[in-house]
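The structure appears below as structure tokens.
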Amino acid sequence: MVAVSCSDSRARTMGSGPSPTSTKSETTVNLTRTSQIEAGQSKIQNLKSKMAEAATEIVRRLRAEGFQAYLVGGCVRDLVMGHEPADYDVATDATPEQVLGLYPDSLTVGAHFGVVVVLQAGGPIEVATFRSDGRYADGRHPSEVRYAKTPQEDVRRRDFTINGLLYDPIEDRVLDYVNGQADIRGRSIRTIGDPFERFEEDYLRMLRAVRFAARFGFTLDPAAVEAIRQLAPQIQDTSAERIRDEILKILTEGGPRRGFELLDETGLLREVLPEIKALQGVAQPPQFHPEGDVWVHTMMMLDGLGSPTPTLALGVLLHDVGKPPTFTVRERIRFDNHVEVGARMAQEICHRLRLSSRERERVVELVRHHLRFKDFPRMRRSTQLRFLRMEGFDEHLELHRLDCLASHRDLTNYEMARRMLAETPTEQIKPQPLLRGDDLIAQGYKPGPVFKQILQAVEDAQLEGSIQSREQALQLVAEQFGLV
């Protein structure tokens, strides 16, 4: 059964380490008290979340019914590393039908692969039957699923050793048949078994390997790197949605600069985001960008991301994507119209990655407006306020801050905009309109395109502070537009 692992460990892999025929004496060496890994306290003592309690209760109930059951995958990895798991999964030798017999209200969305989602008060827990997969015919799904009897068989089909750990919350011990704890201590991402076989089973694992290495600050096993380099073009056989999800996780889970450097090193960047690969070697005017070329500048910005939203992270990644096709040298290096070119390219990239329309719009707006801050001190107050009230302005502001810090480091305009945003009441940034279209009609004006011009002129004056009432607005209209 696919013991669909805790949040990260949903891969379906087969493993190395002791063979399924290992003797008891060989495997007991790997049954480690968690207190030996994280000195002093057991994992369950450390984790009192409702989800942890729910997962433990499922293990306890399956055991009471005579089944084997363990926590499995990414949640165990996180426990061993001292992190709070995002969610929990259970692996068992109980079949989906037997799990449903105990939990009849469960969801069977993954029952074909042996996965049942048990709905608990603490949250949904995926319970997966021990599984030994057959051949993977499509680069993602096994052509044959065989239920296994032992946890050793189950972990051997998983992706990376750090995700191949099981945890017994009743006896407080880790079952490690693939040397995953050693790789955690050694800070290494290594496949379970032959990397070519693991990646050919699901090509997305190549991106996952990069993500885990970046997120945890681990190194990629050289054999895995070589396999990815040779198999990188095969990532094109993976759906855009799955690629998108991994890219967004690389950008937002931690270590995005390291992640994109690894994407480049392994040859994956050229396959999934050739527009970012094209940033390399594109020189910039040193008086504005002493840090180096567009690639270096973008990597420095990624390095500055804290806990970004996906749209901010993508905005940072793509903000200068229009520079390579607009590069020219005249009296100095120029990128004429690179903002609009970049916005169009960002639109195409976001569409290719199947982002939602709202996400696409936000990312494109971040790219389109990222240079507006340079004109902020010279803007009319009405223009400034309209800029400040843009949807998601906090993301625009943060992108500009990172842009400055990764180049000239002058935060003057950033501070001016931030201070104005903090000090200006909301009702001044977006005041109630003094006039609407109905008011103009009541005054004898005929509806038409001029209405937008009139109402904007009124709002400009209102934002500038030169009018404060409906009467003053009507007077302004009469003076500037007469009777249309």
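The way I read the labels, and the way they are meant: chains A, B, ... in the order of the structure tokens, residue 1 as the first residue of every chain, and ligand 1 as the first ligand shown, with later ones counted on from there.
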Surrounding residues of Gln475 of chain A excluding itself and chain neighbours under 4 positions, 12 Å, only C-alpha atoms, as an MDAnalysis selection string: chainID A and resid 434:435 440 443 454 458 461 467:471 479:483
Atoms to include: N, CA and C atoms. Write the selected residues as a CSV table (one decimal), in the first residue's frame.
chain,number,residue,atom,x,y,z
A,434,LEU,N,-17.1,61.1,-4.1
A,434,LEU,CA,-17.9,62.3,-3.9
A,434,LEU,C,-19.1,62.3,-4.9
A,435,LEU,N,-18.8,61.8,-6.1
A,435,LEU,CA,-19.8,61.8,-7.2
A,435,LEU,C,-19.8,60.4,-7.8
A,440,LEU,N,-24.0,62.6,-12.1
A,440,LEU,CA,-23.8,63.3,-13.3
A,440,LEU,C,-25.0,63.3,-14.2
A,443,GLN,N,-27.4,65.8,-13.1
A,443,GLN,CA,-27.0,67.2,-13.4
A,443,GLN,C,-27.1,67.5,-14.9
A,454,ILE,N,-14.4,62.3,-16.3
A,454,ILE,CA,-14.9,63.3,-15.2
A,454,ILE,C,-14.7,62.7,-13.8
A,458,VAL,N,-12.5,64.1,-10.6
A,458,VAL,CA,-13.0,64.4,-9.3
A,458,VAL,C,-12.2,63.7,-8.3
A,461,ALA,N,-8.8,65.2,-7.6
A,461,ALA,CA,-8.9,66.4,-6.7
A,461,ALA,C,-9.2,66.0,-5.3
A,467,ILE,N,-10.6,69.2,-2.9
A,467,ILE,CA,-12.1,69.2,-2.7
A,467,ILE,C,-12.4,68.2,-1.6
A,468,GLN,N,-13.5,68.5,-0.8
A,468,GLN,CA,-13.9,67.6,0.2
A,468,GLN,C,-15.4,67.3,0.2
A,469,SER,N,-16.1,67.9,-0.6
A,469,SER,CA,-17.6,67.7,-0.5
A,469,SER,C,-18.2,67.5,-1.9
A,470,ARG,N,-19.4,67.1,-1.9
A,470,ARG,CA,-20.1,66.9,-3.2
A,470,ARG,C,-20.3,68.2,-3.9
A,471,GLU,N,-20.6,69.2,-3.2
A,471,GLU,CA,-20.8,70.5,-3.8
A,471,GLU,C,-19.6,71.0,-4.5
A,479,GLU,N,-16.8,73.6,-13.9
A,479,GLU,CA,-15.7,74.4,-14.4
A,479,GLU,C,-14.8,73.8,-15.4
A,480,GLN,N,-14.6,72.5,-15.3
A,480,GLN,CA,-13.6,71.8,-16.1
A,480,GLN,C,-14.3,71.2,-17.4
A,481,PHE,N,-15.6,70.8,-17.2
A,481,PHE,CA,-16.2,70.1,-18.3
A,481,PHE,C,-17.5,70.8,-18.9
A,482,GLY,N,-18.0,71.8,-18.2
A,482,GLY,CA,-19.2,72.4,-18.6
A,482,GLY,C,-20.3,71.4,-18.7
A,483,LEU,N,-21.3,71.6,-19.6
A,483,LEU,CA,-22.4,70.6,-19.7
A,483,LEU,C,-22.1,69.8,-21.0
Those of segment 111-219 of chain A in DSSP strand (DSSP E or B), formatted as a ChimeraX atom specification: /A:115-120,123-129,131-133,136,142,145-147,157,160,165-168,173-176,188-189,191,219
Set the distance at 9 Å and use only C-alpha atoms: which residues neighbour Phe335 of chain A once local chain neighbours fewer than 5 positions away are removed? I'd like the list as an mmCIF file with N, CA and C atoms, in the first residue's frame.
data_model
loop_
_atom_site.group_PDB
_atom_site.id
_atom_site.type_symbol
_atom_site.label_atom_id
_atom_site.label_comp_id
_atom_site.auth_asym_id
_atom_site.auth_seq_id
_atom_site.Cartn_x
_atom_site.Cartn_y
_atom_site.Cartn_z
ATOM 1 N N GLN A 284 24.527 43.750 -16.863
ATOM 2 C CA GLN A 284 23.720 44.899 -16.485
ATOM 3 C C GLN A 284 24.629 46.108 -16.282
ATOM 4 N N GLY A 322 12.176 39.819 -18.771
ATOM 5 C CA GLY A 322 12.175 40.504 -20.060
ATOM 6 C C GLY A 322 13.502 41.120 -20.451
ATOM 7 N N LYS A 323 14.508 41.012 -19.600
ATOM 8 C CA LYS A 323 15.796 41.647 -19.922
ATOM 9 C C LYS A 323 16.579 40.942 -21.031
ATOM 10 N N PRO A 324 16.703 39.624 -21.029
ATOM 11 C CA PRO A 324 17.480 38.993 -22.114
ATOM 12 C C PRO A 324 16.997 39.367 -23.516
ATOM 13 N N PRO A 325 15.696 39.324 -23.820
ATOM 14 C CA PRO A 325 15.299 39.661 -25.190
ATOM 15 C C PRO A 325 15.344 41.152 -25.511
ATOM 16 N N THR A 326 15.539 42.018 -24.516
ATOM 17 C CA THR A 326 15.575 43.465 -24.790
ATOM 18 C C THR A 326 16.972 44.054 -24.583
ATOM 19 N N PHE A 327 17.969 43.210 -24.379
ATOM 20 C CA PHE A 327 19.333 43.684 -24.123
ATOM 21 C C PHE A 327 19.909 44.400 -25.351
ATOM 22 N N THR A 328 20.387 45.622 -25.145
ATOM 23 C CA THR A 328 21.111 46.358 -26.182
ATOM 24 C C THR A 328 22.219 47.151 -25.517
ATOM 25 N N VAL A 329 23.214 47.523 -26.315
ATOM 26 C CA VAL A 329 24.292 48.380 -25.826
ATOM 27 C C VAL A 329 24.383 49.600 -26.735
#
Near-segment 58-68 of chain A list (7 Å; only C-alpha atoms; drop same-chain fewer than 2 positions) as a list in words: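 What passes the distance filter is Ala54, Ala55, Thr56, Tyr70, Thr92, Asp93 and Ala94 of chain A.
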Give me the residues within 8 Å of segment 394-411 of chain A as a PDB file with N, CA and C atoms, in the first residue's frame, counting only C-alpha atoms and dropping any in the same chain fewer than 4 places off.
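Just written: result-v6.pdb:
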ATOM      1  N   PHE A 288      24.154  50.750 -11.808  1.00  0.00           N
ATOM      2  CA  PHE A 288      22.897  50.405 -11.153  1.00  0.00           C
ATOM      3  C   PHE A 288      22.918  49.001 -10.557  1.00  0.00           C
ATOM      4  N   HIS A 289      23.728  48.144 -11.138  1.00  0.00           N
ATOM      5  CA  HIS A 289      23.767  46.749 -10.708  1.00  0.00           C
ATOM      6  C   HIS A 289      25.217  46.290 -10.513  1.00  0.00           C
ATOM      7  N   PRO A 290      25.843  46.740  -9.432  1.00  0.00           N
ATOM      8  CA  PRO A 290      27.231  46.317  -9.185  1.00  0.00           C
ATOM      9  C   PRO A 290      27.354  44.836  -8.851  1.00  0.00           C
ATOM     10  N   GLU A 291      26.227  44.175  -8.563  1.00  0.00           N
ATOM     11  CA  GLU A 291      26.278  42.782  -8.136  1.00  0.00           C
ATOM     12  C   GLU A 291      26.598  41.815  -9.263  1.00  0.00           C
ATOM     13  N   HIS A 297      21.676  38.719  -9.893  1.00  0.00           N
ATOM     14  CA  HIS A 297      20.734  39.627  -9.253  1.00  0.00           C
ATOM     15  C   HIS A 297      19.476  38.883  -8.800  1.00  0.00           C
ATOM     16  N   THR A 298      18.933  38.037  -9.656  1.00  0.00           N
ATOM     17  CA  THR A 298      17.718  37.308  -9.320  1.00  0.00           C
ATOM     18  C   THR A 298      17.962  36.303  -8.211  1.00  0.00           C
ATOM     19  N   MET A 300      20.179  36.571  -5.849  1.00  0.00           N
ATOM     20  CA  MET A 300      20.306  37.332  -4.609  1.00  0.00           C
ATOM     21  C   MET A 300      18.940  37.712  -4.055  1.00  0.00           C
ATOM     22  N   MET A 301      18.016  38.044  -4.936  1.00  0.00           N
ATOM     23  CA  MET A 301      16.667  38.359  -4.473  1.00  0.00           C
ATOM     24  C   MET A 301      15.984  37.127  -3.891  1.00  0.00           C
ATOM     25  N   GLY A 304      16.937  36.491  -0.437  1.00  0.00           N
ATOM     26  CA  GLY A 304      16.378  37.383   0.564  1.00  0.00           C
ATOM     27  C   GLY A 304      14.946  37.083   0.949  1.00  0.00           C
ATOM     28  N   LEU A 305      14.311  36.151   0.253  1.00  0.00           N
ATOM     29  CA  LEU A 305      12.923  35.818   0.575  1.00  0.00           C
ATOM     30  C   LEU A 305      12.834  35.191   1.959  1.00  0.00           C
ATOM     31  N   LEU A 312       4.354  36.262  -4.649  1.00  0.00           N
ATOM     32  CA  LEU A 312       5.529  37.116  -4.444  1.00  0.00           C
ATOM     33  C   LEU A 312       6.783  36.399  -4.917  1.00  0.00           C
ATOM     34  N   GLY A 315       6.870  36.419  -8.562  1.00  0.00           N
ATOM     35  CA  GLY A 315       7.135  37.780  -9.021  1.00  0.00           C
ATOM     36  C   GLY A 315       8.607  38.117  -8.952  1.00  0.00           C
ATOM     37  N   VAL A 316       9.247  37.723  -7.859  1.00  0.00           N
ATOM     38  CA  VAL A 316      10.694  37.927  -7.712  1.00  0.00           C
ATOM     39  C   VAL A 316      11.444  37.154  -8.794  1.00  0.00           C
ATOM     40  N   LEU A 366       2.961  42.236 -10.558  1.00  0.00           N
ATOM     41  CA  LEU A 366       4.236  42.423  -9.857  1.00  0.00           C
ATOM     42  C   LEU A 366       5.362  42.712 -10.842  1.00  0.00           C
ATOM     43  N   HIS A 369       4.785  46.344 -12.609  1.00  0.00           N
ATOM     44  CA  HIS A 369       4.899  47.558 -11.804  1.00  0.00           C
ATOM     45  C   HIS A 369       6.190  47.639 -10.983  1.00  0.00           C
ATOM     46  N   HIS A 370       7.124  46.701 -11.184  1.00  0.00           N
ATOM     47  CA  HIS A 370       8.249  46.675 -10.261  1.00  0.00           C
ATOM     48  C   HIS A 370       9.190  47.859 -10.398  1.00  0.00           C
ATOM     49  N   LEU A 371       9.141  48.591 -11.514  1.00  0.00           N
ATOM     50  CA  LEU A 371       9.994  49.768 -11.672  1.00  0.00           C
ATOM     51  C   LEU A 371       9.306  51.078 -11.284  1.00  0.00           C
ATOM     52  N   PHE A 373       8.444  52.262  -8.508  1.00  0.00           N
ATOM     53  CA  PHE A 373       8.933  52.889  -7.281  1.00  0.00           C
ATOM     54  C   PHE A 373      10.003  53.942  -7.560  1.00  0.00           C
ATOM     55  N   GLU A 415      11.382  53.275   1.681  1.00  0.00           N
ATOM     56  CA  GLU A 415      11.009  53.827   2.976  1.00  0.00           C
ATOM     57  C   GLU A 415       9.937  54.896   2.835  1.00  0.00           C
ATOM     58  N   ALA A 417       7.567  55.113   0.505  1.00  0.00           N
ATOM     59  CA  ALA A 417       6.281  54.460   0.239  1.00  0.00           C
ATOM     60  C   ALA A 417       5.773  53.725   1.469  1.00  0.00           C
ATOM     61  N   ARG A 418       6.661  53.041   2.171  1.00  0.00           N
ATOM     62  CA  ARG A 418       6.255  52.304   3.373  1.00  0.00           C
ATOM     63  C   ARG A 418       5.727  53.257   4.437  1.00  0.00           C
TER      64      ARG A 418
END
Two-atom distance - atom CA of Glu57 of chain A, atom CA of Glu153 of chain A (Å):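 These atoms are spaced 24.0 Å apart.
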Distance in Å - atom CA of Pro104 of chain A versus atom CA of Val118 of chain A: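 Interatomic distance, atom CA of Pro104 of chain A to atom CA of Val118 of chain A: 8.8 Å.
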Residues near Gln462 of chain A, cut-off 10 Å, only C-alpha atoms, skip fewer than 6 positions along chain, as a PyMOL selection string: chain A and resi 382+428+431-434+456+468-469+472-473
Just N, CA and C atoms for this one: save the residues we selected as a compact mmCIF listing (two decimals), in the first residue's frame.
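Dumped to out-v9.txt:
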# COMPACT_ATOMS: atom_id res chain seq x y z
N SER A 382 -2.19 62.01 -5.77
CA SER A 382 -3.28 61.12 -6.21
C SER A 382 -2.72 59.86 -6.85
N GLN A 428 -8.35 57.89 3.47
CA GLN A 428 -7.70 58.83 2.57
C GLN A 428 -7.09 58.12 1.36
N PRO A 431 -10.93 56.84 -0.48
CA PRO A 431 -12.09 57.52 0.10
C PRO A 431 -13.39 57.15 -0.61
N GLN A 432 -14.49 57.39 0.07
CA GLN A 432 -15.80 57.21 -0.56
C GLN A 432 -15.94 58.22 -1.69
N PRO A 433 -16.43 57.82 -2.86
CA PRO A 433 -16.56 58.76 -3.99
C PRO A 433 -17.49 59.93 -3.65
N LEU A 434 -17.09 61.13 -4.06
CA LEU A 434 -17.94 62.31 -3.89
C LEU A 434 -19.05 62.35 -4.93
N GLN A 456 -12.68 60.48 -12.76
CA GLN A 456 -11.27 60.40 -12.36
C GLN A 456 -10.75 61.78 -11.98
N GLN A 468 -13.46 68.48 -0.84
CA GLN A 468 -13.86 67.57 0.23
C GLN A 468 -15.36 67.27 0.24
N SER A 469 -16.14 67.92 -0.62
CA SER A 469 -17.58 67.74 -0.54
C SER A 469 -18.18 67.52 -1.93
N GLN A 472 -18.43 70.82 -3.85
CA GLN A 472 -17.16 71.23 -4.47
C GLN A 472 -16.86 70.37 -5.70
N ALA A 473 -17.24 69.09 -5.65
CA ALA A 473 -17.02 68.21 -6.79
C ALA A 473 -17.87 68.65 -7.97
Exercise: segment 241-249 of chain A partners within 7 Å, only C-alpha atoms, chain neighbours under 3 positions left out, as a PyMOL selection string: chain A and resi 207-208+238+252-253+310+353-354
Produce a table with one row for each residue of segment 59-130 of chain A that has an atom at most 9 Å from any atom of segment 178-195 of chain A, each row naming the nearest atom pair and its distance in Å at one decimal; use only C-alpha atoms; arrange rows by chain and rising residue number; format as CSV.
residue,atom,partner,partner_atom,distance
A:Arg77,CA,A:Ile184,CA,8.2
A:Val80,CA,A:Gln181,CA,7.7
A:Met81,CA,A:Ile184,CA,7.6
Helix (DSSP H, G or I) call set, DSSP backbone run, segment 279-357 of chain A, as number ranges by chain: A: 294-303, 310-318, 323-326, 338-352, 357
Computed interatomic separation between atom CA of Ala91 of chain A and atom CA of Phe216 of chain A (Å):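 Pair atom CA of Ala91 of chain A / atom CA of Phe216 of chain A returns 24.5 Å.
Minimum atom-to-atom distances from A:Arg362, A:Gly437, A:Asp172, A:Glu53 to Met390 of chain A were compared using only C-alpha atoms, and the lowest value belongs to A:Arg362.
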